[in-house]
Amino acid sequence: MTVHPDITQVDAVAAELLGEARTHDARRAARTLVTGTAQRATLIALADGAELAEHDSPPAATLYVVMGRVRLHTHDQSWTLEGGQLVRIPPQRHGLTALADSAVLLTVALH
């Protein structure tokens, strides 16, 4: 079988990025896996306790938890997500906290 050149082994990249995240002061690491004119998919590794501070939402986005457990939160709501779960990013400002060593795949519509 021939492997398509754009195929990425997400689990392997997640493990690599998590190793990097554990050594960075911010306790996170990321790599864009797919990019184009209309969308972008970025794998983000977060060591236990790492946070992405509240930020504005893109026009449309989803978050897939590859491994671990995270808390997605807005000013007045929060959701605990575990490996294998997929959620639409809320339209309001939001943040993300790793409740364990975690990797998430963020897919964003660029327009």
# chains A, B, ... in the order shown; residues from 1 in each chain; ligands from 1
>>> closest_atom_pairs(of="stretch 13-79 of chain A", to="stretch 91-98 of chain A", cutoff="12 Å", atoms="only C-alpha atoms", output="JSON lines")
{"residue": "A:Leu18", "atom": "CA", "partner": "A:Ala98", "partner_atom": "CA", "distance": 11.7}
{"residue": "A:Ala21", "atom": "CA", "partner": "A:Ala98", "partner_atom": "CA", "distance": 11.6}
{"residue": "A:Arg27", "atom": "CA", "partner": "A:Ala98", "partner_atom": "CA", "distance": 9.8}
{"residue": "A:Arg28", "atom": "CA", "partner": "A:Ala98", "partner_atom": "CA", "distance": 9.7}
{"residue": "A:Ile44", "atom": "CA", "partner": "A:Ala98", "partner_atom": "CA", "distance": 10.8}
{"residue": "A:Ala45", "atom": "CA", "partner": "A:Ala98", "partner_atom": "CA", "distance": 9.1}
{"residue": "A:Leu46", "atom": "CA", "partner": "A:Ala98", "partner_atom": "CA", "distance": 6.0}
{"residue": "A:Ala47", "atom": "CA", "partner": "A:Ala98", "partner_atom": "CA", "distance": 6.6}
{"residue": "A:Asp48", "atom": "CA", "partner": "A:Ala98", "partner_atom": "CA", "distance": 5.2}
{"residue": "A:Gly49", "atom": "CA", "partner": "A:Ala98", "partner_atom": "CA", "distance": 5.1}
{"residue": "A:Ala50", "atom": "CA", "partner": "A:Ala98", "partner_atom": "CA", "distance": 5.4}
{"residue": "A:Glu51", "atom": "CA", "partner": "A:Thr97", "partner_atom": "CA", "distance": 4.4}
{"residue": "A:Leu52", "atom": "CA", "partner": "A:Leu96", "partner_atom": "CA", "distance": 5.0}
{"residue": "A:Ala53", "atom": "CA", "partner": "A:Gly95", "partner_atom": "CA", "distance": 5.1}
{"residue": "A:Glu54", "atom": "CA", "partner": "A:Gly95", "partner_atom": "CA", "distance": 4.1}
{"residue": "A:His55", "atom": "CA", "partner": "A:Arg93", "partner_atom": "CA", "distance": 5.2}
{"residue": "A:Asp56", "atom": "CA", "partner": "A:Arg93", "partner_atom": "CA", "distance": 4.5}
{"residue": "A:Ser57", "atom": "CA", "partner": "A:Pro91", "partner_atom": "CA", "distance": 5.5}
{"residue": "A:Pro58", "atom": "CA", "partner": "A:Pro91", "partner_atom": "CA", "distance": 7.6}
{"residue": "A:Pro59", "atom": "CA", "partner": "A:Pro91", "partner_atom": "CA", "distance": 7.6}
{"residue": "A:Ala60", "atom": "CA", "partner": "A:Pro91", "partner_atom": "CA", "distance": 7.8}
{"residue": "A:Ala61", "atom": "CA", "partner": "A:Pro91", "partner_atom": "CA", "distance": 8.9}
{"residue": "A:Thr62", "atom": "CA", "partner": "A:Pro91", "partner_atom": "CA", "distance": 10.9}
{"residue": "A:Leu63", "atom": "CA", "partner": "A:Leu96", "partner_atom": "CA", "distance": 10.4}
{"residue": "A:Val65", "atom": "CA", "partner": "A:Ala98", "partner_atom": "CA", "distance": 10.7}
{"residue": "A:Met67", "atom": "CA", "partner": "A:Ala98", "partner_atom": "CA", "distance": 10.6}
{"residue": "A:Gly68", "atom": "CA", "partner": "A:Ala98", "partner_atom": "CA", "distance": 7.9}
{"residue": "A:Arg69", "atom": "CA", "partner": "A:Ala98", "partner_atom": "CA", "distance": 6.3}
{"residue": "A:Val70", "atom": "CA", "partner": "A:Ala98", "partner_atom": "CA", "distance": 4.4}
{"residue": "A:Arg71", "atom": "CA", "partner": "A:Thr97", "partner_atom": "CA", "distance": 5.1}
{"residue": "A:Leu72", "atom": "CA", "partner": "A:Leu96", "partner_atom": "CA", "distance": 4.6}
{"residue": "A:His73", "atom": "CA", "partner": "A:Gly95", "partner_atom": "CA", "distance": 5.4}
{"residue": "A:Thr74", "atom": "CA", "partner": "A:His94", "partner_atom": "CA", "distance": 4.4}
{"residue": "A:His75", "atom": "CA", "partner": "A:His94", "partner_atom": "CA", "distance": 7.2}
{"residue": "A:Asp76", "atom": "CA", "partner": "A:His94", "partner_atom": "CA", "distance": 9.8}
{"residue": "A:Gln77", "atom": "CA", "partner": "A:His94", "partner_atom": "CA", "distance": 9.3}
{"residue": "A:Ser78", "atom": "CA", "partner": "A:His94", "partner_atom": "CA", "distance": 9.2}
{"residue": "A:Trp79", "atom": "CA", "partner": "A:Leu96", "partner_atom": "CA", "distance": 9.7}
>>> residues_around(residues="A:Leu105", least_positions_apart="3", cutoff="6 Å", atoms="only C-alpha atoms", output="number ranges by chain")
A: 42-43, 63-64
>>> write_last_selection(atoms="N, CA, C and O atoms", output="JSON list (two decimals), in the first residue's frame")
[["chain", "number", "residue", "atom", "x", "y", "z"],
["A", 42, "THR", "N", -4.43, 22.09, 13.72],
["A", 42, "THR", "CA", -3.23, 22.20, 14.54],
["A", 42, "THR", "C", -3.32, 21.25, 15.72],
["A", 42, "THR", "O", -4.34, 21.21, 16.41],
["A", 43, "LEU", "N", -2.27, 20.48, 15.91],
["A", 43, "LEU", "CA", -2.18, 19.57, 17.04],
["A", 43, "LEU", "C", -1.48, 20.32, 18.17],
["A", 43, "LEU", "O", -0.39, 20.88, 17.97],
["A", 63, "LEU", "N", -12.73, 21.07, 18.35],
["A", 63, "LEU", "CA", -11.64, 20.58, 19.17],
["A", 63, "LEU", "C", -11.85, 19.10, 19.39],
["A", 63, "LEU", "O", -12.91, 18.69, 19.89],
["A", 64, "TYR", "N", -10.88, 18.29, 18.99],
["A", 64, "TYR", "CA", -10.93, 16.84, 19.18],
["A", 64, "TYR", "C", -9.84, 16.47, 20.17],
["A", 64, "TYR", "O", -8.67, 16.83, 19.98]]
>>> atom_distance(atom1="atom CA of A:Arg31", atom2="atom CA of A:Ala14")
9.3 Å
>>> residues_around(residues="A:Thr37", least_positions_apart="6", cutoff="12 Å", atoms="only C-alpha atoms", output="list in words")
Val108, Ala109, Leu110 and His111 of chain A
>>> write_last_selection(atoms="all heavy atoms", output="compact mmCIF listing (two decimals), in the first residue's frame")
# COMPACT_ATOMS: atom_id res chain seq x y z
N VAL A 108 -9.76 24.80 12.44
CA VAL A 108 -10.31 26.15 12.37
C VAL A 108 -10.67 26.49 10.93
O VAL A 108 -9.86 26.27 10.02
CB VAL A 108 -9.27 27.16 12.90
CG1 VAL A 108 -9.75 28.58 12.72
CG2 VAL A 108 -8.93 26.88 14.34
N ALA A 109 -11.87 27.05 10.74
CA ALA A 109 -12.24 27.62 9.45
C ALA A 109 -11.61 29.00 9.37
O ALA A 109 -11.73 29.79 10.30
CB ALA A 109 -13.75 27.72 9.32
N LEU A 110 -10.92 29.30 8.29
CA LEU A 110 -10.21 30.56 8.16
C LEU A 110 -11.07 31.69 7.62
O LEU A 110 -10.69 32.85 7.69
CB LEU A 110 -8.97 30.38 7.29
CG LEU A 110 -7.97 29.35 7.83
CD1 LEU A 110 -6.81 29.17 6.86
CD2 LEU A 110 -7.45 29.77 9.20
N HIS A 111 -12.23 31.39 7.08
CA HIS A 111 -13.11 32.43 6.54
C HIS A 111 -14.49 32.28 7.07
O HIS A 111 -14.96 31.28 7.38
CB HIS A 111 -13.17 32.36 5.01
CG HIS A 111 -11.82 32.47 4.37
ND1 HIS A 111 -11.13 33.65 4.30
CD2 HIS A 111 -11.02 31.53 3.82
CE1 HIS A 111 -9.97 33.43 3.70
NE2 HIS A 111 -9.87 32.15 3.40
>>> select_by_dssp(residues="chain A", states="strand (DSSP E or B)", output="compact mmCIF listing (two decimals) with N, CA, C and O atoms, in the first residue's frame")
# COMPACT_ATOMS: atom_id res chain seq x y z
N ARG A 28 3.54 23.65 26.88
CA ARG A 28 2.73 23.30 25.70
C ARG A 28 3.60 23.36 24.45
O ARG A 28 4.64 24.02 24.42
N ALA A 29 3.16 22.66 23.42
CA ALA A 29 3.83 22.65 22.12
C ALA A 29 2.75 22.41 21.07
O ALA A 29 1.73 21.78 21.35
N ALA A 30 2.99 22.90 19.86
CA ALA A 30 1.98 22.76 18.81
C ALA A 30 2.65 22.61 17.45
O ALA A 30 3.77 23.04 17.24
N ARG A 31 1.91 21.98 16.55
CA ARG A 31 2.37 21.86 15.17
C ARG A 31 1.15 21.87 14.25
O ARG A 31 0.18 21.14 14.49
N THR A 32 1.19 22.70 13.22
CA THR A 32 0.13 22.71 12.22
C THR A 32 0.33 21.50 11.32
O THR A 32 1.40 21.31 10.75
N LEU A 33 -0.71 20.68 11.21
CA LEU A 33 -0.64 19.45 10.42
C LEU A 33 -1.21 19.62 9.03
O LEU A 33 -0.74 18.99 8.08
N VAL A 34 -2.26 20.44 8.92
CA VAL A 34 -2.92 20.66 7.64
C VAL A 34 -3.22 22.15 7.54
O VAL A 34 -3.73 22.75 8.48
N THR A 35 -2.90 22.72 6.40
CA THR A 35 -3.23 24.13 6.20
C THR A 35 -3.66 24.33 4.75
O THR A 35 -3.28 23.58 3.87
N GLN A 39 -9.07 26.27 5.74
CA GLN A 39 -9.03 25.66 7.06
C GLN A 39 -7.60 25.38 7.49
O GLN A 39 -6.68 25.36 6.68
N ARG A 40 -7.47 25.13 8.81
CA ARG A 40 -6.17 24.77 9.38
C ARG A 40 -6.43 23.78 10.50
O ARG A 40 -7.36 23.95 11.29
N ALA A 41 -5.60 22.75 10.59
CA ALA A 41 -5.69 21.77 11.68
C ALA A 41 -4.36 21.80 12.42
O ALA A 41 -3.30 21.57 11.83
N THR A 42 -4.43 22.09 13.72
CA THR A 42 -3.23 22.20 14.54
C THR A 42 -3.32 21.25 15.72
O THR A 42 -4.34 21.21 16.41
N LEU A 43 -2.27 20.48 15.91
CA LEU A 43 -2.18 19.57 17.04
C LEU A 43 -1.48 20.32 18.17
O LEU A 43 -0.39 20.88 17.97
N ILE A 44 -2.11 20.34 19.33
CA ILE A 44 -1.58 21.06 20.49
C ILE A 44 -1.40 20.06 21.63
O ILE A 44 -2.35 19.37 22.01
N ALA A 45 -0.19 20.00 22.17
CA ALA A 45 0.09 19.15 23.33
C ALA A 45 0.20 20.04 24.55
O ALA A 45 0.84 21.10 24.52
N LEU A 46 -0.44 19.62 25.63
CA LEU A 46 -0.45 20.37 26.88
C LEU A 46 -0.04 19.44 28.01
O LEU A 46 -0.71 18.43 28.25
N GLU A 51 -2.13 25.80 30.44
CA GLU A 51 -3.33 26.53 30.06
C GLU A 51 -3.13 27.31 28.77
O GLU A 51 -2.02 27.77 28.50
N LEU A 52 -4.21 27.44 28.03
CA LEU A 52 -4.29 28.42 26.95
C LEU A 52 -5.24 29.48 27.49
O LEU A 52 -6.42 29.20 27.74
N ALA A 53 -4.75 30.68 27.70
CA ALA A 53 -5.55 31.75 28.28
C ALA A 53 -6.76 32.05 27.39
O ALA A 53 -6.77 31.73 26.20
N GLU A 54 -7.76 32.69 27.99
CA GLU A 54 -8.95 33.04 27.21
C GLU A 54 -8.57 33.86 25.99
O GLU A 54 -7.71 34.74 26.06
N HIS A 55 -9.21 33.54 24.88
CA HIS A 55 -8.97 34.21 23.61
C HIS A 55 -10.24 34.21 22.78
O HIS A 55 -11.17 33.45 23.08
N ALA A 60 -15.39 29.55 12.90
CA ALA A 60 -15.89 28.19 13.17
C ALA A 60 -14.70 27.32 13.50
O ALA A 60 -13.64 27.43 12.87
N ALA A 61 -14.86 26.45 14.53
CA ALA A 61 -13.75 25.60 14.92
C ALA A 61 -14.27 24.41 15.71
O ALA A 61 -15.33 24.48 16.35
N THR A 62 -13.50 23.32 15.67
CA THR A 62 -13.78 22.16 16.49
C THR A 62 -12.52 21.77 17.25
O THR A 62 -11.40 22.09 16.84
N LEU A 63 -12.73 21.07 18.35
CA LEU A 63 -11.64 20.58 19.17
C LEU A 63 -11.85 19.10 19.39
O LEU A 63 -12.91 18.69 19.89
N TYR A 64 -10.88 18.29 18.99
CA TYR A 64 -10.93 16.84 19.18
C TYR A 64 -9.84 16.47 20.17
O TYR A 64 -8.67 16.83 19.98
N VAL A 65 -10.21 15.78 21.24
CA VAL A 65 -9.23 15.37 22.24
C VAL A 65 -8.62 14.05 21.78
O VAL A 65 -9.28 13.01 21.76
N VAL A 66 -7.36 14.11 21.38
CA VAL A 66 -6.63 12.93 20.90
C VAL A 66 -6.31 12.02 22.08
O VAL A 66 -6.47 10.80 22.02
N MET A 67 -5.84 12.64 23.18
CA MET A 67 -5.52 11.88 24.39
C MET A 67 -5.57 12.81 25.59
O MET A 67 -5.45 14.02 25.45
N ARG A 69 -7.18 14.61 29.16
CA ARG A 69 -8.41 15.23 29.65
C ARG A 69 -8.17 16.73 29.77
O ARG A 69 -7.16 17.15 30.34
N VAL A 70 -9.10 17.52 29.23
CA VAL A 70 -8.98 18.98 29.24
C VAL A 70 -10.28 19.61 29.70
O VAL A 70 -11.34 18.97 29.65
N ARG A 71 -10.17 20.86 30.12
CA ARG A 71 -11.36 21.64 30.45
C ARG A 71 -11.41 22.82 29.50
O ARG A 71 -10.52 23.67 29.49
N LEU A 72 -12.45 22.87 28.68
CA LEU A 72 -12.74 24.00 27.79
C LEU A 72 -13.69 24.90 28.56
O LEU A 72 -14.69 24.42 29.10
N HIS A 73 -13.36 26.19 28.64
CA HIS A 73 -14.21 27.05 29.46
C HIS A 73 -14.41 28.42 28.82
O HIS A 73 -13.55 28.92 28.10
N SER A 78 -18.22 25.61 31.54
CA SER A 78 -17.03 24.79 31.29
C SER A 78 -17.46 23.37 30.95
O SER A 78 -18.54 22.91 31.36
N TRP A 79 -16.61 22.70 30.18
CA TRP A 79 -16.85 21.34 29.75
C TRP A 79 -15.57 20.54 29.95
O TRP A 79 -14.49 20.98 29.53
N THR A 80 -15.68 19.38 30.58
CA THR A 80 -14.54 18.49 30.72
C THR A 80 -14.62 17.48 29.58
O THR A 80 -15.65 16.83 29.38
N LEU A 81 -13.53 17.40 28.82
CA LEU A 81 -13.49 16.54 27.64
C LEU A 81 -12.37 15.53 27.80
O LEU A 81 -11.30 15.86 28.32
N GLU A 82 -12.60 14.32 27.32
CA GLU A 82 -11.61 13.25 27.41
C GLU A 82 -11.29 12.71 26.03
O GLU A 82 -11.98 13.02 25.05
N LEU A 86 -15.21 15.04 20.68
CA LEU A 86 -15.14 16.14 19.72
C LEU A 86 -16.20 17.16 20.11
O LEU A 86 -17.33 16.80 20.44
N VAL A 87 -15.83 18.45 20.08
CA VAL A 87 -16.77 19.50 20.44
C VAL A 87 -16.57 20.70 19.52
O VAL A 87 -15.47 20.95 19.06
N ARG A 88 -17.65 21.42 19.28
CA ARG A 88 -17.57 22.70 18.57
C ARG A 88 -17.06 23.73 19.56
O ARG A 88 -17.51 23.81 20.70
N HIS A 94 -12.88 31.99 25.08
CA HIS A 94 -12.75 30.71 25.76
C HIS A 94 -11.28 30.44 26.07
O HIS A 94 -10.39 31.09 25.52
N GLY A 95 -11.05 29.49 26.94
CA GLY A 95 -9.71 29.04 27.28
C GLY A 95 -9.70 27.53 27.42
O GLY A 95 -10.75 26.88 27.36
N LEU A 96 -8.51 26.98 27.61
CA LEU A 96 -8.36 25.53 27.70
C LEU A 96 -7.33 25.21 28.78
O LEU A 96 -6.27 25.84 28.82
N THR A 97 -7.64 24.24 29.62
CA THR A 97 -6.74 23.82 30.68
C THR A 97 -6.56 22.31 30.60
O THR A 97 -7.54 21.57 30.47
N ALA A 98 -5.31 21.85 30.67
CA ALA A 98 -5.04 20.41 30.68
C ALA A 98 -5.22 19.88 32.09
O ALA A 98 -4.59 20.34 33.03
N SER A 102 -2.11 15.97 27.85
CA SER A 102 -3.15 15.89 26.82
C SER A 102 -2.65 16.36 25.47
O SER A 102 -1.68 17.12 25.38
N ALA A 103 -3.35 15.92 24.43
CA ALA A 103 -3.14 16.42 23.08
C ALA A 103 -4.51 16.62 22.45
O ALA A 103 -5.39 15.77 22.58
N VAL A 104 -4.67 17.78 21.79
CA VAL A 104 -5.95 18.10 21.15
C VAL A 104 -5.68 18.52 19.71
O VAL A 104 -4.63 19.09 19.40
N LEU A 105 -6.63 18.23 18.85
CA LEU A 105 -6.54 18.65 17.45
C LEU A 105 -7.57 19.75 17.25
O LEU A 105 -8.78 19.53 17.38
N LEU A 106 -7.08 20.95 16.97
CA LEU A 106 -7.92 22.12 16.73
C LEU A 106 -8.05 22.32 15.23
O LEU A 106 -7.04 22.49 14.54
N THR A 107 -9.27 22.29 14.73
CA THR A 107 -9.52 22.56 13.32
C THR A 107 -10.30 23.86 13.22
O THR A 107 -11.34 24.01 13.85
N VAL A 108 -9.76 24.80 12.44
CA VAL A 108 -10.31 26.15 12.37
C VAL A 108 -10.67 26.49 10.93
O VAL A 108 -9.86 26.27 10.02
N ALA A 109 -11.87 27.05 10.74
CA ALA A 109 -12.24 27.62 9.45
C ALA A 109 -11.61 29.00 9.37
O ALA A 109 -11.73 29.79 10.30
>>> decode(residues="stretch 90-104 of chain A", atoms="all heavy atoms", output="compact mmCIF listing (two decimals), in the first residue's frame")
# COMPACT_ATOMS: atom_id res chain seq x y z
N PRO A 90 -17.01 27.12 21.36
CA PRO A 90 -18.08 28.10 21.54
C PRO A 90 -17.73 29.43 20.85
O PRO A 90 -16.56 29.76 20.69
CB PRO A 90 -18.15 28.28 23.06
CG PRO A 90 -16.84 27.81 23.57
CD PRO A 90 -16.34 26.78 22.61
N PRO A 91 -18.75 30.20 20.48
CA PRO A 91 -18.50 31.45 19.76
C PRO A 91 -17.94 32.57 20.63
O PRO A 91 -17.43 33.55 20.11
CB PRO A 91 -19.87 31.82 19.19
CG PRO A 91 -20.85 31.15 20.10
CD PRO A 91 -20.18 29.90 20.58
N GLN A 92 -18.03 32.45 21.93
CA GLN A 92 -17.50 33.49 22.81
C GLN A 92 -16.05 33.20 23.22
O GLN A 92 -15.52 32.13 22.93
CB GLN A 92 -18.39 33.68 24.05
CG GLN A 92 -18.56 32.45 24.91
CD GLN A 92 -19.74 31.59 24.53
OE1 GLN A 92 -19.86 31.16 23.39
NE2 GLN A 92 -20.60 31.29 25.48
N ARG A 93 -15.43 34.17 23.89
CA ARG A 93 -14.06 33.97 24.38
C ARG A 93 -14.00 32.69 25.20
O ARG A 93 -14.93 32.37 25.94
CB ARG A 93 -13.62 35.17 25.23
CG ARG A 93 -13.35 36.42 24.39
CD ARG A 93 -12.89 37.58 25.25
NE ARG A 93 -11.66 37.32 25.98
CZ ARG A 93 -10.42 37.41 25.47
NH1 ARG A 93 -10.26 37.77 24.21
NH2 ARG A 93 -9.37 37.17 26.21
N HIS A 94 -12.88 31.99 25.08
CA HIS A 94 -12.75 30.71 25.76
C HIS A 94 -11.28 30.44 26.07
O HIS A 94 -10.39 31.09 25.52
CB HIS A 94 -13.33 29.59 24.89
CG HIS A 94 -12.60 29.46 23.59
ND1 HIS A 94 -12.86 30.30 22.52
CD2 HIS A 94 -11.58 28.66 23.20
CE1 HIS A 94 -12.04 29.99 21.52
NE2 HIS A 94 -11.24 29.00 21.91
N GLY A 95 -11.05 29.49 26.94
CA GLY A 95 -9.71 29.04 27.28
C GLY A 95 -9.70 27.53 27.42
O GLY A 95 -10.75 26.88 27.36
N LEU A 96 -8.51 26.98 27.61
CA LEU A 96 -8.36 25.53 27.70
C LEU A 96 -7.33 25.21 28.78
O LEU A 96 -6.27 25.84 28.82
CB LEU A 96 -7.89 24.99 26.34
CG LEU A 96 -7.87 23.48 26.17
CD1 LEU A 96 -9.30 22.92 26.15
CD2 LEU A 96 -7.15 23.11 24.88
N THR A 97 -7.64 24.24 29.62
CA THR A 97 -6.74 23.82 30.68
C THR A 97 -6.56 22.31 30.60
O THR A 97 -7.54 21.57 30.47
CB THR A 97 -7.31 24.17 32.07
OG1 THR A 97 -7.56 25.57 32.14
CG2 THR A 97 -6.36 23.77 33.18
N ALA A 98 -5.31 21.85 30.67
CA ALA A 98 -5.04 20.41 30.68
C ALA A 98 -5.22 19.88 32.09
O ALA A 98 -4.59 20.34 33.03
CB ALA A 98 -3.62 20.14 30.20
N LEU A 99 -6.10 18.91 32.26
CA LEU A 99 -6.33 18.27 33.55
C LEU A 99 -5.45 17.04 33.71
O LEU A 99 -5.43 16.42 34.76
CB LEU A 99 -7.81 17.91 33.69
CG LEU A 99 -8.78 19.10 33.53
CD1 LEU A 99 -10.22 18.62 33.58
CD2 LEU A 99 -8.50 20.16 34.58
N ALA A 100 -4.75 16.69 32.64
CA ALA A 100 -3.78 15.60 32.60
C ALA A 100 -2.92 15.88 31.37
O ALA A 100 -3.26 16.75 30.57
CB ALA A 100 -4.48 14.24 32.46
N ASP A 101 -1.81 15.18 31.19
CA ASP A 101 -1.05 15.33 29.95
C ASP A 101 -2.02 15.05 28.80
O ASP A 101 -2.70 14.02 28.80
CB ASP A 101 0.11 14.33 29.90
CG ASP A 101 1.26 14.72 30.81
OD1 ASP A 101 1.26 15.84 31.36
OD2 ASP A 101 2.18 13.90 30.95
N SER A 102 -2.11 15.97 27.85
CA SER A 102 -3.15 15.89 26.82
C SER A 102 -2.65 16.36 25.47
O SER A 102 -1.68 17.12 25.38
CB SER A 102 -4.35 16.78 27.22
OG SER A 102 -4.86 16.42 28.46
N ALA A 103 -3.35 15.92 24.43
CA ALA A 103 -3.14 16.42 23.08
C ALA A 103 -4.51 16.62 22.45
O ALA A 103 -5.39 15.77 22.58
CB ALA A 103 -2.32 15.44 22.25
N VAL A 104 -4.67 17.78 21.79
CA VAL A 104 -5.95 18.10 21.15
C VAL A 104 -5.68 18.52 19.71
O VAL A 104 -4.63 19.09 19.40
CB VAL A 104 -6.72 19.21 21.90
CG1 VAL A 104 -7.08 18.77 23.30
CG2 VAL A 104 -5.91 20.50 21.95
